[in-house]
$ cat query_0.cif   # mmCIF, C-alpha atoms and all ligand atoms
data_target
#
loop_
_atom_site.label_atom_id
_atom_site.label_comp_id
_atom_site.auth_asym_id
_atom_site.auth_seq_id
_atom_site.Cartn_x
_atom_site.Cartn_y
_atom_site.Cartn_z
CA MET A 18 133.43 93.47 32.91
CA LEU A 19 129.90 92.70 34.08
CA GLN A 20 128.32 95.92 32.86
CA GLY A 21 124.59 95.44 32.28
CA LYS A 22 124.39 92.24 34.38
CA CYS A 23 122.17 91.99 37.42
CA VAL A 24 123.44 89.82 40.26
CA ILE A 25 121.40 88.96 43.36
CA LEU A 26 123.87 88.31 46.14
CA GLY A 27 122.32 86.05 48.79
CA VAL A 28 124.01 86.04 52.17
CA THR A 29 123.18 83.35 54.72
CA GLY A 30 124.12 83.00 58.37
CA GLY A 31 127.65 81.72 58.68
CA ILE A 32 130.81 83.07 60.22
CA ALA A 33 132.11 83.68 56.69
CA ALA A 34 129.30 86.20 56.02
CA TYR A 35 131.79 89.03 56.49
CA LYS A 36 133.66 87.81 53.38
CA ALA A 37 130.54 88.50 51.32
CA ALA A 38 131.30 92.20 51.77
CA GLU A 39 134.60 91.77 49.91
CA LEU A 40 132.84 89.72 47.24
CA LEU A 41 130.25 92.47 46.87
CA ARG A 42 133.04 95.02 46.43
CA LEU A 43 134.48 92.96 43.56
CA LEU A 44 131.07 92.62 41.93
CA VAL A 45 130.38 96.35 42.20
CA LYS A 46 133.82 97.13 40.78
CA SER A 47 133.06 94.91 37.77
CA GLY A 48 130.12 97.14 36.84
CA ALA A 49 127.29 94.72 37.72
CA GLU A 50 124.04 95.89 39.31
CA ILE A 51 123.83 94.19 42.69
CA HIS A 52 120.91 93.54 44.99
CA VAL A 53 121.67 91.89 48.30
CA VAL A 54 119.25 89.50 49.98
CA MET A 55 120.08 88.51 53.55
CA THR A 56 118.55 85.75 55.63
CA ARG A 57 117.63 86.49 59.23
CA SER A 58 120.60 84.54 60.56
CA ALA A 59 122.97 86.39 58.22
CA GLN A 60 121.98 89.58 59.99
CA GLU A 61 123.28 88.09 63.24
CA PHE A 62 126.77 88.08 61.69
CA ILE A 63 126.84 91.31 59.68
CA THR A 64 124.48 94.25 59.34
CA PRO A 65 122.46 95.06 56.20
CA LEU A 66 123.90 98.56 56.39
CA THR A 67 127.33 97.31 55.30
CA PHE A 68 125.89 95.77 52.14
CA GLN A 69 123.65 98.74 51.51
CA ALA A 70 126.61 101.11 51.68
CA LEU A 71 128.72 98.90 49.37
CA SER A 72 126.01 98.09 46.81
CA GLY A 73 124.31 101.48 46.77
CA ASN A 74 120.95 99.66 46.85
CA PRO A 75 118.56 98.83 49.69
CA VAL A 76 119.18 95.39 51.18
CA HIS A 77 116.30 92.91 51.05
CA THR A 78 115.57 90.89 54.15
CA GLU A 79 111.87 90.18 54.48
CA LEU A 80 109.51 88.17 52.30
CA PHE A 81 106.43 89.94 53.60
CA SER A 82 107.73 93.48 53.88
CA LEU A 83 105.24 95.83 52.25
CA ILE A 84 107.87 98.44 51.58
CA GLN A 85 110.42 96.04 50.14
CA GLU A 86 107.77 94.19 48.12
CA GLN A 87 106.52 97.48 46.70
CA GLU A 88 110.01 98.58 45.77
CA ILE A 89 111.12 95.43 44.04
CA GLY A 90 109.60 92.19 45.42
CA HIS A 91 110.83 88.62 45.29
CA ILE A 92 109.39 87.83 41.84
CA SER A 93 110.88 90.95 40.42
CA LEU A 94 114.25 90.10 42.00
CA ALA A 95 114.01 86.59 40.56
CA ASP A 96 113.06 87.92 37.10
CA ARG A 97 115.64 90.61 36.77
CA ALA A 98 118.58 88.48 37.93
CA ASP A 99 121.16 87.23 35.45
CA LEU A 100 122.72 85.32 38.32
CA ILE A 101 121.81 84.52 41.90
CA LEU A 102 125.00 84.04 43.88
CA VAL A 103 124.73 82.74 47.44
CA ALA A 104 127.88 83.23 49.52
CA PRO A 105 128.25 81.90 52.10
CA ALA A 106 125.63 79.19 51.52
CA THR A 107 124.92 77.19 54.65
CA ALA A 108 123.97 73.48 54.74
CA ASN A 109 120.53 74.67 55.85
CA LEU A 110 120.05 76.85 52.75
CA ILE A 111 121.27 74.09 50.40
CA GLY A 112 119.00 71.58 52.14
CA LYS A 113 115.98 73.85 51.79
CA VAL A 114 116.50 74.55 48.10
CA ALA A 115 117.19 70.87 47.35
CA ASN A 116 113.91 69.94 49.00
CA GLY A 117 111.72 72.66 47.56
CA ILE A 118 111.34 74.68 50.74
CA ALA A 119 110.75 78.37 50.10
CA ASP A 120 110.07 79.98 53.44
CA ASP A 121 111.97 83.26 53.28
CA LEU A 122 112.90 85.88 50.73
CA LEU A 123 116.11 84.21 49.58
CA THR A 124 114.76 80.67 49.11
CA THR A 125 111.62 82.05 47.45
CA THR A 126 113.69 84.12 45.04
CA ILE A 127 115.86 81.10 44.17
CA MET A 128 112.76 78.99 43.61
CA ALA A 129 111.17 81.61 41.37
CA THR A 130 114.14 82.39 39.17
CA ARG A 131 115.12 81.11 35.73
CA ALA A 132 118.56 82.64 36.10
CA LYS A 133 121.69 80.66 36.85
CA VAL A 134 122.26 80.04 40.56
CA LEU A 135 125.74 79.70 42.05
CA PHE A 136 126.27 78.48 45.61
CA ALA A 137 129.49 78.98 47.56
CA PRO A 138 128.98 76.62 50.50
CA ALA A 139 130.79 77.18 53.79
CA MET A 140 130.36 74.96 56.83
CA ASN A 141 132.07 72.70 59.34
CA SER A 142 133.88 69.82 57.62
CA ASN A 143 131.70 67.17 59.30
CA MET A 144 128.62 68.95 57.97
CA TRP A 145 130.24 69.09 54.53
CA GLU A 146 130.91 65.33 54.61
CA ASN A 147 127.50 64.46 56.01
CA PRO A 148 125.77 62.22 53.44
CA ILE A 149 122.55 64.22 53.81
CA TYR A 150 124.37 67.40 52.78
CA GLN A 151 126.21 65.58 50.00
CA GLU A 152 122.97 64.15 48.66
CA ASN A 153 121.36 67.61 48.62
CA HIS A 154 124.44 69.07 46.94
CA ALA A 155 124.51 66.32 44.29
CA LYS A 156 120.80 66.71 43.64
CA LEU A 157 121.16 70.44 43.01
CA GLU A 158 124.19 69.90 40.77
CA ASP A 159 122.21 67.38 38.73
CA LEU A 160 119.44 69.93 38.41
CA GLY A 161 121.88 72.41 36.88
CA TYR A 162 122.69 74.55 39.93
CA HIS A 163 126.33 75.61 40.15
CA PHE A 164 128.78 75.34 43.02
CA VAL A 165 132.15 76.74 44.00
CA GLU A 166 133.92 74.06 46.03
CA PRO A 167 134.78 75.06 49.59
CA ALA A 168 138.46 75.31 50.47
CA TYR A 169 140.53 73.25 52.91
CA GLY A 170 141.97 74.97 55.96
CA GLU A 171 141.31 75.99 59.52
CA LEU A 172 137.62 76.47 60.09
CA ALA A 173 135.99 78.96 62.45
CA CYS A 174 135.16 76.11 64.84
CA GLY A 175 138.87 75.25 65.15
CA TRP A 176 138.69 72.16 62.93
CA GLN A 177 141.02 71.59 60.01
CA GLY A 178 139.25 70.34 56.93
CA LYS A 179 137.14 71.12 53.92
CA GLY A 180 134.40 73.67 54.37
CA LYS A 181 136.01 77.12 54.29
CA LEU A 182 134.44 79.74 52.06
CA PRO A 183 136.85 80.12 49.13
CA ASP A 184 138.65 83.36 48.48
CA PRO A 185 136.14 86.06 47.30
CA GLN A 186 138.21 86.49 44.13
CA GLU A 187 137.72 82.79 43.31
CA ILE A 188 133.96 83.07 43.85
CA PHE A 189 133.91 86.20 41.72
CA ASN A 190 135.79 84.36 38.92
CA SER A 191 133.22 81.55 38.96
CA ALA A 192 130.39 84.09 38.83
CA ARG A 193 132.04 85.91 35.95
CA ALA A 194 132.56 82.62 34.08
CA LEU A 195 128.88 81.76 34.46
CA LEU A 196 127.71 85.17 33.36
CA GLY A 197 130.00 85.46 30.41
CA ASN A 198 130.42 81.96 29.18
CA ASN A 199 128.03 80.63 26.60
CA ASP A 200 130.86 79.80 24.25
CA LEU A 201 129.57 76.33 23.36
CA ALA A 202 126.08 77.50 22.38
CA GLY A 203 125.08 75.88 19.09
CA LYS A 204 127.72 73.14 19.45
CA THR A 205 127.17 69.46 20.13
CA VAL A 206 129.60 67.87 22.56
CA LEU A 207 129.83 64.09 22.87
CA VAL A 208 131.33 62.85 26.12
CA THR A 209 132.01 59.30 27.30
CA ALA A 210 132.34 58.43 30.97
CA GLY A 211 132.69 55.55 33.38
CA PRO A 212 133.95 52.02 32.99
CA THR A 213 132.71 49.27 30.73
CA ARG A 214 131.84 45.79 31.96
CA GLU A 215 132.82 42.72 30.02
CA GLU A 216 130.74 39.78 31.14
CA ILE A 217 132.25 36.39 31.90
CA ASP A 218 128.86 34.89 32.72
CA PRO A 219 125.50 36.21 34.06
CA VAL A 220 127.06 37.06 37.46
CA ARG A 221 130.69 38.03 36.79
CA PHE A 222 132.46 40.64 34.73
CA LEU A 223 135.83 42.29 34.04
CA SER A 224 135.92 46.03 34.68
CA ASN A 225 137.95 48.86 36.28
CA HIS A 226 137.70 51.51 39.00
CA SER A 227 136.23 54.37 36.96
CA SER A 228 133.41 56.13 38.83
CA GLY A 229 132.36 58.31 35.89
CA LYS A 230 133.00 61.51 37.90
CA MET A 231 135.54 62.94 35.45
CA GLY A 232 133.38 62.40 32.38
CA TYR A 233 130.21 63.59 34.11
CA ALA A 234 132.04 66.77 35.18
CA VAL A 235 132.98 67.38 31.54
CA ALA A 236 129.39 66.81 30.42
CA CYS A 237 128.00 69.21 33.05
CA ALA A 238 130.61 71.87 32.26
CA ALA A 239 129.77 71.68 28.54
CA ARG A 240 126.06 71.93 29.30
CA ASN A 241 126.72 74.97 31.51
CA ARG A 242 128.47 76.63 28.58
CA GLY A 243 125.43 76.27 26.37
CA ALA A 244 126.29 73.10 24.42
CA ARG A 245 123.94 70.31 23.48
CA VAL A 246 125.60 67.44 25.33
CA VAL A 247 125.34 63.74 24.59
CA LEU A 248 126.82 61.67 27.41
CA ILE A 249 127.51 58.00 26.76
CA SER A 250 127.98 56.41 30.14
CA GLY A 251 129.14 53.04 31.35
CA PRO A 252 127.61 51.65 34.57
CA VAL A 253 128.19 54.22 37.33
CA ASN A 254 126.60 55.31 40.54
CA LEU A 255 125.83 58.90 39.52
CA HIS A 256 122.58 60.68 38.71
CA GLU A 257 121.95 61.43 35.04
CA PRO A 258 122.73 65.16 34.76
CA LYS A 259 119.77 67.36 33.93
CA GLY A 260 119.88 68.95 30.51
CA VAL A 261 122.24 66.29 29.16
CA GLU A 262 121.15 63.51 26.78
CA THR A 263 122.48 60.44 28.57
CA ILE A 264 122.81 57.06 26.87
CA GLN A 265 123.54 54.18 29.23
CA VAL A 266 125.70 51.33 28.01
CA VAL A 267 127.41 48.40 29.70
CA SER A 268 130.08 46.86 27.49
CA ALA A 269 132.77 48.33 25.26
CA ARG A 270 130.92 47.06 22.21
CA GLU A 271 127.74 48.84 23.31
CA MET A 272 129.75 52.02 23.93
CA HIS A 273 131.34 51.64 20.49
CA GLU A 274 127.93 51.32 18.83
CA ALA A 275 126.45 54.32 20.70
CA VAL A 276 129.48 56.55 20.06
CA MET A 277 129.59 55.72 16.34
CA LYS A 278 125.87 56.42 16.04
CA MET A 279 126.16 59.89 17.63
CA ALA A 280 129.64 60.96 16.50
CA GLY A 281 128.38 62.43 13.20
CA GLN A 282 126.40 65.06 15.14
CA ALA A 283 129.31 66.14 17.35
CA ASP A 284 131.57 69.16 16.96
CA LEU A 285 133.68 68.08 19.91
CA ILE A 286 134.24 64.58 21.32
CA ILE A 287 135.82 64.04 24.73
CA LYS A 288 136.49 60.44 25.71
CA ALA A 289 136.96 60.21 29.46
CA ALA A 290 135.59 56.64 29.69
CA ALA A 291 137.84 53.83 30.85
CA VAL A 292 136.99 51.33 28.14
CA ALA A 293 138.03 47.71 28.65
CA ASP A 294 140.57 46.78 26.00
CA PHE A 295 139.58 43.11 26.08
CA ARG A 296 136.51 40.95 26.66
CA PRO A 297 136.16 37.21 27.28
CA VAL A 298 136.03 35.23 24.03
CA VAL A 299 133.21 33.17 25.50
CA ARG A 300 130.46 34.47 27.78
CA GLY A 301 128.91 31.61 29.73
CA ASP A 302 125.11 31.41 29.44
CA GLN A 303 125.05 30.03 32.97
CA LYS A 304 127.21 30.76 36.00
CA VAL A 305 130.58 29.12 35.33
CA LYS A 306 131.28 26.42 37.92
CA LYS A 307 134.59 26.54 39.72
CA GLY A 308 135.20 22.81 39.31
CA SER A 309 138.13 21.19 41.11
CA THR A 310 141.12 22.88 39.43
CA GLU A 311 143.34 25.35 41.33
CA THR A 312 143.81 27.66 38.36
CA THR A 313 141.75 28.60 35.38
CA THR A 314 142.22 30.65 32.24
CA ILE A 315 139.90 33.12 30.59
CA GLU A 316 140.72 33.71 26.96
CA LEU A 317 140.29 37.36 25.98
CA GLN A 318 139.81 39.10 22.69
CA ARG A 319 140.34 42.73 21.81
CA ASN A 320 137.52 45.22 21.98
CA PRO A 321 137.20 47.88 19.30
CA ASP A 322 139.38 50.91 20.06
CA ILE A 323 136.64 53.52 19.80
CA LEU A 324 138.91 56.53 19.99
CA ALA A 325 141.32 55.21 17.38
CA GLU A 326 138.39 54.59 15.04
CA LEU A 327 137.10 58.14 15.61
CA GLY A 328 140.61 59.42 14.89
CA GLN A 329 140.57 57.72 11.50
CA GLN A 330 137.40 59.53 10.47
CA LYS A 331 137.95 62.78 12.33
CA GLY A 332 136.89 65.34 9.71
CA SER A 333 136.59 68.82 11.22
CA ARG A 334 135.67 67.50 14.66
CA VAL A 335 137.84 68.22 17.67
CA LEU A 336 138.82 64.94 19.29
CA ILE A 337 140.15 64.71 22.83
CA GLY A 338 141.13 61.55 24.69
CA PHE A 339 142.26 60.76 28.20
CA ALA A 340 145.23 58.61 29.13
CA ALA A 341 145.20 56.78 32.45
CA GLU A 342 148.77 55.72 33.14
CA THR A 343 150.72 54.16 35.98
CA GLU A 344 154.23 54.79 34.57
CA GLU A 345 155.95 56.94 31.94
CA LEU A 346 152.93 59.23 31.77
CA LEU A 347 154.12 61.60 29.07
CA LYS A 348 155.65 58.93 26.85
CA HIS A 349 152.49 56.80 26.81
CA ALA A 350 150.17 59.79 26.50
CA ARG A 351 152.18 61.13 23.53
CA GLU A 352 151.98 57.73 21.82
CA LYS A 353 148.19 57.68 22.25
CA LEU A 354 147.85 61.28 21.06
CA ALA A 355 149.69 60.45 17.86
CA SER A 356 148.44 56.92 17.17
CA LYS A 357 144.77 57.85 17.71
CA ASN A 358 145.07 61.11 15.70
CA LEU A 359 143.84 63.33 18.54
CA ASP A 360 143.87 67.11 18.93
CA MET A 361 144.60 66.79 22.60
CA ILE A 362 145.01 64.20 25.33
CA VAL A 363 144.48 64.61 29.06
CA ALA A 364 147.12 62.55 30.84
CA ASN A 365 146.60 61.44 34.41
CA ASP A 366 148.90 59.30 36.50
CA VAL A 367 146.30 57.23 38.32
CA THR A 368 148.81 56.14 41.00
CA GLN A 369 149.13 59.72 42.28
CA GLU A 370 147.16 60.67 45.37
CA GLY A 371 144.39 63.09 44.39
CA ALA A 372 144.42 61.93 40.76
CA GLY A 373 142.55 59.47 38.60
CA PHE A 374 139.80 57.09 39.61
CA ASN A 375 136.96 57.75 41.96
CA GLY A 376 137.93 60.89 43.90
CA ASP A 377 136.62 64.42 43.35
CA THR A 378 139.98 65.76 42.23
CA ASN A 379 142.44 65.04 39.46
CA ILE A 380 146.00 66.01 38.56
CA VAL A 381 146.36 66.23 34.80
CA ARG A 382 148.52 67.41 31.97
CA PHE A 383 147.07 68.61 28.69
CA LEU A 384 149.13 67.46 25.72
CA SER A 385 148.35 69.12 22.41
CA ALA A 386 148.99 67.79 18.92
CA ASP A 387 151.51 70.60 18.37
CA GLY A 388 153.65 69.21 21.19
CA HIS A 389 152.63 71.74 23.86
CA VAL A 390 152.31 70.34 27.38
CA GLU A 391 150.34 72.15 30.08
CA GLU A 392 151.01 70.83 33.57
CA LEU A 393 148.28 71.52 36.11
CA PRO A 394 148.09 71.30 39.89
CA GLN A 395 145.54 69.21 41.78
CA MET A 396 142.11 70.56 40.91
CA THR A 397 138.54 69.42 41.35
CA LYS A 398 137.23 67.40 38.43
CA ALA A 399 134.79 70.26 37.73
CA GLU A 400 137.72 72.69 37.45
CA VAL A 401 139.66 70.31 35.19
CA ALA A 402 136.55 69.99 33.03
CA ASP A 403 136.14 73.75 32.68
CA LEU A 404 139.77 74.32 31.83
CA LEU A 405 139.66 71.47 29.33
CA LEU A 406 136.69 73.12 27.64
CA ASP A 407 138.57 76.44 27.53
CA ARG A 408 141.31 74.68 25.56
CA ALA A 409 138.85 72.67 23.45
CA THR A 410 136.77 75.68 22.38
CA ALA A 411 139.93 77.40 21.19
CA LEU A 412 140.43 74.43 18.82
CA LEU A 413 136.92 74.54 17.34
CA PRO A 414 136.89 75.73 13.71
CA GLN A 415 135.10 79.04 14.35
CA ASN A 416 137.90 80.07 16.72
CA CYS A 417 140.69 79.40 14.22
O1 LIG B 501 135.76 58.00 36.17
P1 LIG B 501 136.64 58.58 37.29
O2 LIG B 501 136.57 57.73 38.53
O3 LIG B 501 136.33 60.03 37.55
O4 LIG B 501 138.16 58.49 36.81
C1 LIG B 501 138.62 59.28 35.77
C2 LIG B 501 139.49 58.48 34.79
C3 LIG B 501 140.79 58.05 35.48
C4 LIG B 501 138.76 57.23 34.26
C5 LIG B 501 139.80 59.45 33.58
O5 LIG B 501 140.47 60.59 34.07
C6 LIG B 501 140.65 58.77 32.52
O6 LIG B 501 141.87 58.77 32.57
N1 LIG B 501 139.97 58.16 31.50
C7 LIG B 501 140.63 57.35 30.47
C8 LIG B 501 140.87 55.99 31.02
C9 LIG B 501 141.44 55.04 29.98
O7 LIG B 501 140.83 54.09 29.63
O8 LIG B 501 142.61 55.39 29.50
P2 LIG B 501 143.38 54.52 28.34
O9 LIG B 501 144.73 55.11 28.40
O10 LIG B 501 143.21 53.09 28.55
O11 LIG B 501 142.63 54.93 27.02
C10 LIG B 501 143.03 56.04 26.23
C11 LIG B 501 141.85 56.65 25.55
O12 LIG B 501 141.31 55.72 24.58
C12 LIG B 501 140.71 57.03 26.46
O13 LIG B 501 140.20 58.27 26.01
C13 LIG B 501 139.70 55.92 26.26
O14 LIG B 501 138.36 56.38 26.43
C14 LIG B 501 139.94 55.50 24.82
N2 LIG B 501 139.68 54.08 24.54
C15 LIG B 501 140.43 53.10 25.14
C16 LIG B 501 140.21 51.78 24.83
C17 LIG B 501 139.20 51.47 23.89
N3 LIG B 501 138.96 50.20 23.57
N4 LIG B 501 138.49 52.44 23.31
C18 LIG B 501 138.71 53.74 23.61
O15 LIG B 501 138.05 54.62 23.07
#

$ encode --input "query_0.cif" --output "structure tokens" --more "lines below"
Ligand code: PMT
Amino acid sequence: MLQGKCVILGVTGGIAAYKAAELLRLLVKSGAEIHVVMTRSAQEFITPLTFQALSGNPVHTELFSLIQEQEIGHISLADRADLILVAPATANLIGKVANGIADDLLTTTIMATRAKVLFAPAMNSNMWENPIYQENHAKLEDLGYHFVEPAYGELACGWQGKGKLPDPQEIFNSARALLGNNDLAGKTVLVTAGPTREEIDPVRFLSNHSSGKMGYAVACAARNRGARVVLISGPVNLHEPKGVETIQVVSAREMHEAVMKMAGQADLIIKAAAVADFRPVVRGDQKVKKGSTETTTIELQRNPDILAELGQQKGSRVLIGFAAETEELLKHAREKLASKNLDMIVANDVTQEGAGFNGDTNIVRFLSADGHVEELPQMTKAEVADLLLDRATALLPQNC
């Protein structure tokens, strides 16, 4: 499966280091050439000999080892890698890479490589939730580094929570996807994300709870698969993803204008944005005074339905919408799929725990124009995005 690919497997010092041996076995079985780099603390948990026996190659441990440098060296490791996979990746390792610290063989190799890098973090759940860790993680993701989300469960320290190293097979699948998947190379993908704001006056607006996470995950997944990605984003609190052309907008009308301007260049359009259907008829130039009345009325007028307009001029483009519903999910999603002339719609019931606005996970169903419905379990938004792109690429003309 991975014949001809070179994977550097980095192992850092966590209790889950023993699972890296099983991961290595899967990588070897797939036909990849594997070189293992261990940090000093990793060697406290498992010996290099195990990895040497499984990989059939010497294990690299020291930055300044004359013998190891002569044999292969950190620059050579960095150059020959198709993928650097770090499993388990400790908070310390992630923090170092995010902050440009290269003080051992593994961090130096990561710094020097142009290959894709995939981290499989494993740590105590409090460390995982620590804002410092999360900031480092987000920074690396924005820079184009890849992550396999840790699993929930009982941790080595006795805690229950998120932070467990995922199953080696799952990590292997992510590695394989990264090594094999450039299926959107040469394609332009237009993604919308986030809410829109409809101003009432200079200090107030109508909006919704969209964080942009779903749309940004789609944009990053498309970029990772080799696409040119144009992301049109409403106001959100997320970093602009590296390698993605991001256009910031505020209102539905601005989003409409930006989407229509770029749509002609797109092979695939995915509209994850939560666009306000209405805006105030009048926007006050000054802050509207509350006056003495107990009630007030804001008259609203319809915003352009961007997706419906794209559906009317679809051409050979693949057009995918999202449907955020609070009742009769399938019925409403089907109506939108048909009325907006879409190839597919991603339906999410935003009242369900673990689905919809703001969180890192979603629970969705993919509804296709041919009537097929694919019901999916709770997944991270990154996983939903990747699966959505699997389905979308199959719809692109060259795959017909
Ligand atoms: O951003 P997150 O916090 O990660 O949350 C993700 C999400 C819940 C916002 C996302 O999963 C989602 O469901 N997005 C669509 C939300 C929405 O506005 O749904 P809708 O059913 O109102 O709209 C249907 C489709 O028409 C959407 O693709 C929307 O982008 C599009 N639309 C809607 C109105 C409008 N005026 N123009 C549009 O293009």

$ residues_near_point --input "query_0.cif" --point "(140.8, 75.4, 52.7)" --cutoff "12 Å" --atoms "all atoms listed in the file" --output "PDB file with C-alpha atoms, keeping the file's coordinate frame"
ATOM      1  CA  ALA A 139     130.790  77.180  53.790  1.00  0.00           C
ATOM      2  CA  MET A 140     130.360  74.960  56.830  1.00  0.00           C
ATOM      3  CA  ASN A 141     132.070  72.700  59.340  1.00  0.00           C
ATOM      4  CA  SER A 142     133.880  69.820  57.620  1.00  0.00           C
ATOM      5  CA  GLU A 166     133.920  74.060  46.030  1.00  0.00           C
ATOM      6  CA  PRO A 167     134.780  75.060  49.590  1.00  0.00           C
ATOM      7  CA  ALA A 168     138.460  75.310  50.470  1.00  0.00           C
ATOM      8  CA  TYR A 169     140.530  73.250  52.910  1.00  0.00           C
ATOM      9  CA  GLY A 170     141.970  74.970  55.960  1.00  0.00           C
ATOM     10  CA  GLU A 171     141.310  75.990  59.520  1.00  0.00           C
ATOM     11  CA  LEU A 172     137.620  76.470  60.090  1.00  0.00           C
ATOM     12  CA  ALA A 173     135.990  78.960  62.450  1.00  0.00           C
ATOM     13  CA  TRP A 176     138.690  72.160  62.930  1.00  0.00           C
ATOM     14  CA  GLN A 177     141.020  71.590  60.010  1.00  0.00           C
ATOM     15  CA  GLY A 178     139.250  70.340  56.930  1.00  0.00           C
ATOM     16  CA  LYS A 179     137.140  71.120  53.920  1.00  0.00           C
ATOM     17  CA  GLY A 180     134.400  73.670  54.370  1.00  0.00           C
ATOM     18  CA  LYS A 181     136.010  77.120  54.290  1.00  0.00           C
ATOM     19  CA  LEU A 182     134.440  79.740  52.060  1.00  0.00           C
ATOM     20  CA  PRO A 183     136.850  80.120  49.130  1.00  0.00           C
ATOM     21  CA  ASP A 184     138.650  83.360  48.480  1.00  0.00           C
TER      22      ASP A 184
END

$ atom_distance --input "query_0.cif" --atom1 "CA of Arg131 (chain A)" --atom2 "CA of Leu160 (chain A)"
12.3 Å

$ residues_near_ligand --input "query_0.cif" --ligand "ligand LIG 501 (chain B)" --cutoff "6 Å" --atoms "all atoms listed in the file" --output "MDAnalysis selection string"
chainID A and resid 211 227:231 288:294 320:324 338:341 365 373:375

$ atom_distance --input "query_0.cif" --atom1 "CA of Thr29 (chain A)" --atom2 "CA of Gly48 (chain A)"
23.6 Å

$ atom_distance --input "query_0.cif" --atom1 "CA of Ile380 (chain A)" --atom2 "CA of Tyr162 (chain A)"
24.9 Å

$ closest_residue --input "query_0.cif" --among "A:Asp403, A:Glu345, A:Asp159, A:Glu216" --to "Gln303 (chain A)" --atoms "only C-alpha atoms"
A:Glu216

$ residues_around --input "query_0.cif" --residues "Leu201 (chain A)" --least-positions-apart "2" --cutoff "7 Å" --atoms "only C-alpha atoms" --output "VMD selection string"
chain A and resid 199 203 to 204 239 242 to 244

$ write_last_selection --input "query_0.cif" --atoms "C-alpha atoms" --output "PDB file, keeping the file's coordinate frame"
ATOM      1  CA  ASN A 199     128.030  80.630  26.600  1.00  0.00           C
ATOM      2  CA  GLY A 203     125.080  75.880  19.090  1.00  0.00           C
ATOM      3  CA  LYS A 204     127.720  73.140  19.450  1.00  0.00           C
ATOM      4  CA  ALA A 239     129.770  71.680  28.540  1.00  0.00           C
ATOM      5  CA  ARG A 242     128.470  76.630  28.580  1.00  0.00           C
ATOM      6  CA  GLY A 243     125.430  76.270  26.370  1.00  0.00           C
ATOM      7  CA  ALA A 244     126.290  73.100  24.420  1.00  0.00           C
TER       8      ALA A 244
END

$ closest_residue --input "query_0.cif" --among "A:Leu102, A:Ala411, A:Leu122, A:Val165" --to "Val134 (chain A)" --atoms "only C-alpha atoms"
A:Leu102

$ axis_aligned_box --input "query_0.cif" --around "region 90-99 of chain A" --padding-each-side "4 Å" --output "JSON"
{"center_x": 115.3, "center_y": 89.4, "center_z": 40.4, "size_x": 19.8, "size_y": 13.6, "size_z": 18.0}

$ residues_around --input "query_0.cif" --residues "region 327-334 of chain A" --least-positions-apart "6" --cutoff "12 Å" --atoms "only C-alpha atoms" --output "PyMOL selection string"
chain A and resi 204-207+273-274+276-288+321+353-361+409-410+412-415+417
